[in-house]
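J.: One structure, as structure tokens, below. Some questions next.
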Amino acid sequence: MAHSKHPIAIIGTGTMGAGIAQVAAAHGWTVFVMDMDEAKVVAAIEGIGKRLDRLVEKGLMTAADRNESIERLKAVRSETDLKDCDLVIEAIVEDLAVKTMALSRVMHQMPKDGVIASNTSSLSISKLGEALGQPQRVVGMHFFNPAPLMPLVEVIAGAKSDPAAVKRVTLIAEAWGKTVARCADTPGFIVNRVARPYYLEAFRIIEDGFANVDEIDKAMRELGGFRMGPFDLTDLIGHDVNTATTQSVWEQLGKPARMRPSKLQTALVEAGHLGRKSGLGCYNHEHEPPTSAIQITKRMLSMTDRLHEAVERFAVKATDQIGSPLEQFVFSRVLVSIINEAAWALNDKVASPADINTAMKLGTNYPKGPLEWAEEIGFATCGELLDALNASVIDKRFEAPEIFKTRV
């Protein structure tokens with residue numbers, strides 16, 4: 001077990017803060033846990049103890065290790081207690097002003113070269129660094145929920161982050177058993193950006209009237225090998241959370257057509273149909289198995305010869321499953337949209353191909369990395385399908401970067 005010379009601090013005791021604290025303590029770090037409300041800190045440490053108890057029951061941890069881990073968790077009352085912490089991880093509400101206020105009180109108590117890491121999933125690390133007045137010390141350390149189980153951490157370098165701070169955070173995440181994907185400070189980082197088309201194109205196919213909820217989910221599971229279909233997944237995430245992320249990434253990227261929020265999904269949120277947590281979303285969860293809750297007037301799928309050929313060529317190379325023409329169309333349209341967004345992320349220098357592939361496999365459980373899939377299918381084949389799809393829509397949202405022409 002690796003041990004840090006200095007303790008670390010976690011600010012925020014919600015699901016993410018408590019999860020990160022559990023990971024650090026279980027790997028031998030002393031963790032100072034802090035929140036505005038002291039009772040929340042006590043409750044969070046108790047909750048971690050119960051989760052570790054379950055690991056002991058399952059034989060995944062010894063009772064001695066469990067007790068040592070809990071002893072490493074220290075409830076903190078004052079910022080002055082953080083004077084020896086060389087890393088503070090913030091996991092509080094997604095609001096730049098709130099984060100700035102909380103961290104500005106903490107950073108002056110830490111060692112001068114102490115690193116401030118934010119677990120934000122949507123805010124700019126560069127802006128947070130500027131707001132704190134010491135951008136070189138600020139990096140992004142984006143864990144995925146639940147933090148003890150999800151293997152990925154996105155490490156984000158702000159425009160002025162010190163490379164030594166980025167490296168230190170990377171090494172600590174790896175010492176905690178995590179796989180790191182390094183990326184630049186751009187909207188949605190890797191995962192929350194590249195995953196958007198999985199939901200958005202699925203909703204658009206429904207809006208087009210070509211397929212219903214069940215058919216789309218089935219095509220993505222059976223032809224794509226995805227663990228959950230897009231509607232199953234958005235019902236689990238919550239349509240309010242999913243739409244807010246889409247809206248944020250779309251606006252920050254300058255409102256590209258391919259990221260435009262779905263009117264149908266927005267209407268679900270406005271009606272309070274948020275998915276499993278409300279009992280109703282794309283599916284009705286009031287009974288088992290859930291049934292489709294979105295009724296559409298289906299229309300016949302008609303494709304130009306060019307689009308039909310491009311779909312067929314793509315599907316044959318992308319999957320060894322034999323699907324109906326409709327299933328092939330659904331699968332190909334959604335998958336090539338994900339591949340296209342990964343290519344745009346690469347084009348925008350967000351991350352390396354390896355980090356993009358790693359992030360999508362570990363952060364969203366995709367069966368393959370999107371650029372890995374593109375290599376297998378052939379960039380030219382992907383490009384042909386994107387061009388054919390682009391010719392079939394008014395908003396030109398399937399426009400592709402040069403990589404599909406240059407990387408044959």
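All residue names refer to the structure tokens as shown: chains lettered A, B, ... in order, residues numbered from 1 in each chain, ligands numbered from 1 in order.
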Would you list, as an MDAnalysis selection string, the residues of segment 36-164 of chain A that end up in alpha helix (DSSP H) under DSSP run on this structure's backbone?

T.: chainID A and resid 38:57 63:71 96:107 125:132 163:164

J.: Give me, as a PDB file with N, CA and C atoms, in the first residue's frame, all polymer residues having an atom no more than 7 Å from segment 116-127 of chain A, counting only C-alpha atoms and skipping those fewer than 3 positions away in the same chain.

T.:
ATOM      1  N   LEU A  87      -2.561  18.366  -1.022  1.00  0.00           N
ATOM      2  CA  LEU A  87      -3.605  18.224  -2.040  1.00  0.00           C
ATOM      3  C   LEU A  87      -4.961  18.408  -1.385  1.00  0.00           C
ATOM      4  N   VAL A  88      -5.764  19.292  -1.975  1.00  0.00           N
ATOM      5  CA  VAL A  88      -7.160  19.442  -1.555  1.00  0.00           C
ATOM      6  C   VAL A  88      -8.026  19.123  -2.764  1.00  0.00           C
ATOM      7  N   ILE A  89      -8.975  18.207  -2.581  1.00  0.00           N
ATOM      8  CA  ILE A  89      -9.917  17.883  -3.662  1.00  0.00           C
ATOM      9  C   ILE A  89     -11.275  18.449  -3.285  1.00  0.00           C
ATOM     10  N   GLU A  90     -11.813  19.261  -4.170  1.00  0.00           N
ATOM     11  CA  GLU A  90     -13.121  19.885  -3.940  1.00  0.00           C
ATOM     12  C   GLU A  90     -14.190  19.102  -4.684  1.00  0.00           C
ATOM     13  N   ALA A  91     -15.253  18.733  -3.965  1.00  0.00           N
ATOM     14  CA  ALA A  91     -16.368  17.990  -4.579  1.00  0.00           C
ATOM     15  C   ALA A  91     -17.686  18.583  -4.076  1.00  0.00           C
ATOM     16  N   GLU A  94     -21.914  22.377  -8.360  1.00  0.00           N
ATOM     17  CA  GLU A  94     -21.362  22.856  -9.644  1.00  0.00           C
ATOM     18  C   GLU A  94     -21.681  24.333  -9.859  1.00  0.00           C
ATOM     19  N   GLU A 130      -8.171  31.111 -12.444  1.00  0.00           N
ATOM     20  CA  GLU A 130      -8.092  32.576 -12.530  1.00  0.00           C
ATOM     21  C   GLU A 130      -8.858  33.222 -11.376  1.00  0.00           C
ATOM     22  N   ALA A 131     -10.045  32.662 -11.079  1.00  0.00           N
ATOM     23  CA  ALA A 131     -10.876  33.211  -9.993  1.00  0.00           C
ATOM     24  C   ALA A 131     -10.153  33.114  -8.644  1.00  0.00           C
ATOM     25  N   PRO A 135      -3.680  30.178 -10.759  1.00  0.00           N
ATOM     26  CA  PRO A 135      -4.075  29.133 -11.714  1.00  0.00           C
ATOM     27  C   PRO A 135      -3.067  27.995 -11.842  1.00  0.00           C
ATOM     28  N   ARG A 137      -1.715  26.328  -9.577  1.00  0.00           N
ATOM     29  CA  ARG A 137      -1.943  25.296  -8.550  1.00  0.00           C
ATOM     30  C   ARG A 137      -3.223  24.489  -8.784  1.00  0.00           C
ATOM     31  N   VAL A 138      -4.041  24.918  -9.752  1.00  0.00           N
ATOM     32  CA  VAL A 138      -5.372  24.324  -9.907  1.00  0.00           C
ATOM     33  C   VAL A 138      -5.428  23.345 -11.079  1.00  0.00           C
ATOM     34  N   VAL A 139      -5.930  22.143 -10.810  1.00  0.00           N
ATOM     35  CA  VAL A 139      -6.120  21.128 -11.849  1.00  0.00           C
ATOM     36  C   VAL A 139      -7.500  20.495 -11.679  1.00  0.00           C
ATOM     37  N   GLY A 140      -7.925  19.773 -12.695  1.00  0.00           N
ATOM     38  CA  GLY A 140      -9.183  19.026 -12.600  1.00  0.00           C
ATOM     39  C   GLY A 140      -8.886  17.572 -12.285  1.00  0.00           C
ATOM     40  N   MET A 141      -9.689  16.996 -11.410  1.00  0.00           N
ATOM     41  CA  MET A 141      -9.535  15.581 -11.040  1.00  0.00           C
ATOM     42  C   MET A 141     -10.951  15.003 -11.006  1.00  0.00           C
ATOM     43  N   HIS A 142     -11.443  14.637 -12.200  1.00  0.00           N
ATOM     44  CA  HIS A 142     -12.852  14.263 -12.342  1.00  0.00           C
ATOM     45  C   HIS A 142     -13.053  12.754 -12.150  1.00  0.00           C
ATOM     46  N   PHE A 143     -13.609  12.402 -10.985  1.00  0.00           N
ATOM     47  CA  PHE A 143     -13.958  11.014 -10.685  1.00  0.00           C
ATOM     48  C   PHE A 143     -15.350  10.724 -11.238  1.00  0.00           C
ATOM     49  N   GLY A 158      -5.594  22.942 -16.725  1.00  0.00           N
ATOM     50  CA  GLY A 158      -6.080  24.260 -17.106  1.00  0.00           C
ATOM     51  C   GLY A 158      -5.043  24.951 -17.976  1.00  0.00           C
ATOM     52  N   ALA A 159      -5.412  26.090 -18.558  1.00  0.00           N
ATOM     53  CA  ALA A 159      -4.503  26.816 -19.462  1.00  0.00           C
ATOM     54  C   ALA A 159      -3.174  27.156 -18.790  1.00  0.00           C
ATOM     55  N   LYS A 160      -3.211  27.422 -17.466  1.00  0.00           N
ATOM     56  CA  LYS A 160      -1.975  27.816 -16.770  1.00  0.00           C
ATOM     57  C   LYS A 160      -1.587  26.844 -15.654  1.00  0.00           C
ATOM     58  N   ASP A 185      -8.516  21.435 -20.942  1.00  0.00           N
ATOM     59  CA  ASP A 185      -9.668  22.073 -20.302  1.00  0.00           C
ATOM     60  C   ASP A 185     -10.656  22.564 -21.361  1.00  0.00           C
ATOM     61  N   PRO A 187     -14.939  22.055 -22.909  1.00  0.00           N
ATOM     62  CA  PRO A 187     -16.279  21.698 -22.414  1.00  0.00           C
ATOM     63  C   PRO A 187     -16.564  20.194 -22.419  1.00  0.00           C
ATOM     64  N   GLY A 188     -16.962  19.687 -21.244  1.00  0.00           N
ATOM     65  CA  GLY A 188     -17.311  18.271 -21.111  1.00  0.00           C
ATOM     66  C   GLY A 188     -16.109  17.358 -20.990  1.00  0.00           C
TER      67      GLY A 188
END

J.: Using only C-alpha atoms, find the one residue out of A:Ile190, A:Ile216, A:Leu149, A:Leu233 that sits nearest to Pro370 of chain A.

T.: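 Once distances to Pro370 of chain A are computed over only C-alpha atoms, the minimum belongs to A:Ile190.
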
J.: I want to know what sits within 6 Å of Ala9 of chain A, based on only C-alpha atoms, with residues of the same chain fewer than 5 positions away left out; could you give that as a list in words?

T.: Val31, Phe32, Val33 and Val88 of chain A

J.: Can you write out the residues you just picked, keeping N, CA and C atoms, as an mmCIF file, in the first residue's frame?

T.:
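Resulting contents of again_39.cif:
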data_model
loop_
_atom_site.group_PDB
_atom_site.id
_atom_site.type_symbol
_atom_site.label_atom_id
_atom_site.label_comp_id
_atom_site.auth_asym_id
_atom_site.auth_seq_id
_atom_site.Cartn_x
_atom_site.Cartn_y
_atom_site.Cartn_z
ATOM 1 N N VAL A 31 -6.933 11.317 5.434
ATOM 2 C CA VAL A 31 -7.856 12.199 4.707
ATOM 3 C C VAL A 31 -8.590 13.108 5.683
ATOM 4 N N PHE A 32 -8.410 14.407 5.530
ATOM 5 C CA PHE A 32 -9.177 15.382 6.303
ATOM 6 C C PHE A 32 -10.463 15.676 5.543
ATOM 7 N N VAL A 33 -11.585 15.439 6.189
ATOM 8 C CA VAL A 33 -12.886 15.597 5.522
ATOM 9 C C VAL A 33 -13.572 16.844 6.067
ATOM 10 N N VAL A 88 -5.764 19.292 -1.975
ATOM 11 C CA VAL A 88 -7.160 19.442 -1.555
ATOM 12 C C VAL A 88 -8.026 19.123 -2.764
#

J.: May I have the residues within 9 Å of segment 104-113 of chain A as an NGL selection string, using only C-alpha atoms and disregarding those fewer than 4 positions away in the same chain?

T.: :A and (79-88 or 99-100 or 131-133 or 137 or 165)

J.: Have a look at A:Arg72, A:Lys178, A:Arg77, A:His27 and name the one nearest to Val41 of chain A; count only C-alpha atoms.

T.: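 Between A:Arg72, A:Lys178, A:Arg77, A:His27, the residue approaching Val41 of chain A most closely is A:Arg77.
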
J.: For Ile237 of chain A, which residue among A:Pro261, A:Pro163, A:Pro290, A:Gly281 is the nearest when counting only C-alpha atoms?

T.: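 Among the listed residues, A:Gly281 lies closest to Ile237 of chain A.
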
J.: Can you tell me, as a list in words, what residues are no more than 12 Å from Glu68 of chain A when counting only C-alpha atoms, ignoring any on the same chain fewer than 4 positions away?

T.: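 Here the qualifying residues turn out to be Gln22, Ala25, Ala26, His27, Gly28, Trp29, Thr30, Val31, Gly49, Leu52, Met61, Thr62, Ala63, Ala64, Arg72, Leu73 and Lys74 of chain A.
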
J.: Please build the interface table for segment 222-297 of chain A against segment 326-338 of chain A with a cut-off of 10 Å, listing for each qualifying residue the nearest atom pair and the distance in Å to one decimal; count only C-alpha atoms, order rows by chain and increasing number, and write it as a tab-separated table.

T.:
residue	atom	partner	partner_atom	distance
A:Glu222	CA	A:Phe331	CA	9.3
A:Leu223	CA	A:Phe331	CA	6.8
A:Gly224	CA	A:Phe331	CA	6.8
A:Pro230	CA	A:Val334	CA	9.7
A:Arg258	CA	A:Ser337	CA	8.5

J.: Generate a file of the selected residues that holds N, CA and C atoms, formatted as a PDB file, in the first residue's frame.

T.:
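Below you can see again.pdb, which holds the result:
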ATOM      1  N   GLU A 222     -27.687  -5.148 -28.894  1.00  0.00           N
ATOM      2  CA  GLU A 222     -27.409  -6.385 -29.635  1.00  0.00           C
ATOM      3  C   GLU A 222     -26.392  -6.194 -30.752  1.00  0.00           C
ATOM      4  N   LEU A 223     -26.484  -5.114 -31.505  1.00  0.00           N
ATOM      5  CA  LEU A 223     -25.532  -4.892 -32.591  1.00  0.00           C
ATOM      6  C   LEU A 223     -24.250  -4.231 -32.084  1.00  0.00           C
ATOM      7  N   GLY A 224     -24.406  -3.341 -31.089  1.00  0.00           N
ATOM      8  CA  GLY A 224     -23.238  -2.594 -30.615  1.00  0.00           C
ATOM      9  C   GLY A 224     -22.542  -3.196 -29.425  1.00  0.00           C
ATOM     10  N   PRO A 230     -29.531   3.608 -25.012  1.00  0.00           N
ATOM     11  CA  PRO A 230     -29.512   5.024 -24.627  1.00  0.00           C
ATOM     12  C   PRO A 230     -30.692   5.459 -23.749  1.00  0.00           C
ATOM     13  N   ARG A 258     -24.776  19.555 -33.914  1.00  0.00           N
ATOM     14  CA  ARG A 258     -24.712  18.142 -33.507  1.00  0.00           C
ATOM     15  C   ARG A 258     -24.936  17.969 -32.007  1.00  0.00           C
TER      16      ARG A 258
END

J.: Mind checking which residues fall within 7 Å of Ala380 of chain A, counting only C-alpha atoms, ignoring those fewer than 3 positions away in the same chain, and posting them as a list in words?

T.: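 Selected residues are Gly383, Glu384, Phe404, Lys405 and Val408 of chain A.
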
J.: Write the residues you've just listed into a file as a CSV table (one decimal), in the first residue's frame, and include N, CA and C atoms for each of them.

T.:
chain,number,residue,atom,x,y,z
A,383,GLY,N,-16.3,8.1,-42.8
A,383,GLY,CA,-16.5,9.4,-43.5
A,383,GLY,C,-17.6,9.3,-44.5
A,384,GLU,N,-17.7,8.2,-45.2
A,384,GLU,CA,-18.7,8.1,-46.3
A,384,GLU,C,-20.1,8.1,-45.6
A,404,PHE,N,-11.2,12.1,-41.4
A,404,PHE,CA,-11.9,11.0,-42.1
A,404,PHE,C,-11.4,10.9,-43.5
A,405,LYS,N,-10.8,12.0,-44.0
A,405,LYS,CA,-10.3,12.0,-45.4
A,405,LYS,C,-8.8,11.7,-45.4
A,408,VAL,N,-6.9,7.4,-43.8
A,408,VAL,CA,-7.6,6.3,-44.5
A,408,VAL,C,-7.0,4.9,-44.1

J.: So that I can check the surroundings of Gly229 of chain A, please list as an MDAnalysis selection string every protein, DNA and RNA residue that reaches within 9 Å of it, counting only C-alpha atoms and ignoring chain neighbours fewer than 2 positions away.

T.: chainID A and resid 198 214 216:221 226:227 231:234

J.: Find the residue from A:Ala351, A:Ala343, A:Ala388, A:Met101 that sits nearest to Arg407 of chain A; use only C-alpha atoms when measuring.

T.: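 The shortest atom-to-atom distance to Arg407 of chain A comes from A:Ala343.
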
J.: Would you mind writing down, as an NGL selection string, each residue of segment 43-288 of chain A that DSSP on the backbone assigns to strand (DSSP E)?

T.: :A and (73-75 or 87-90 or 115-118 or 138-143 or 152-157 or 179-184 or 283-284)
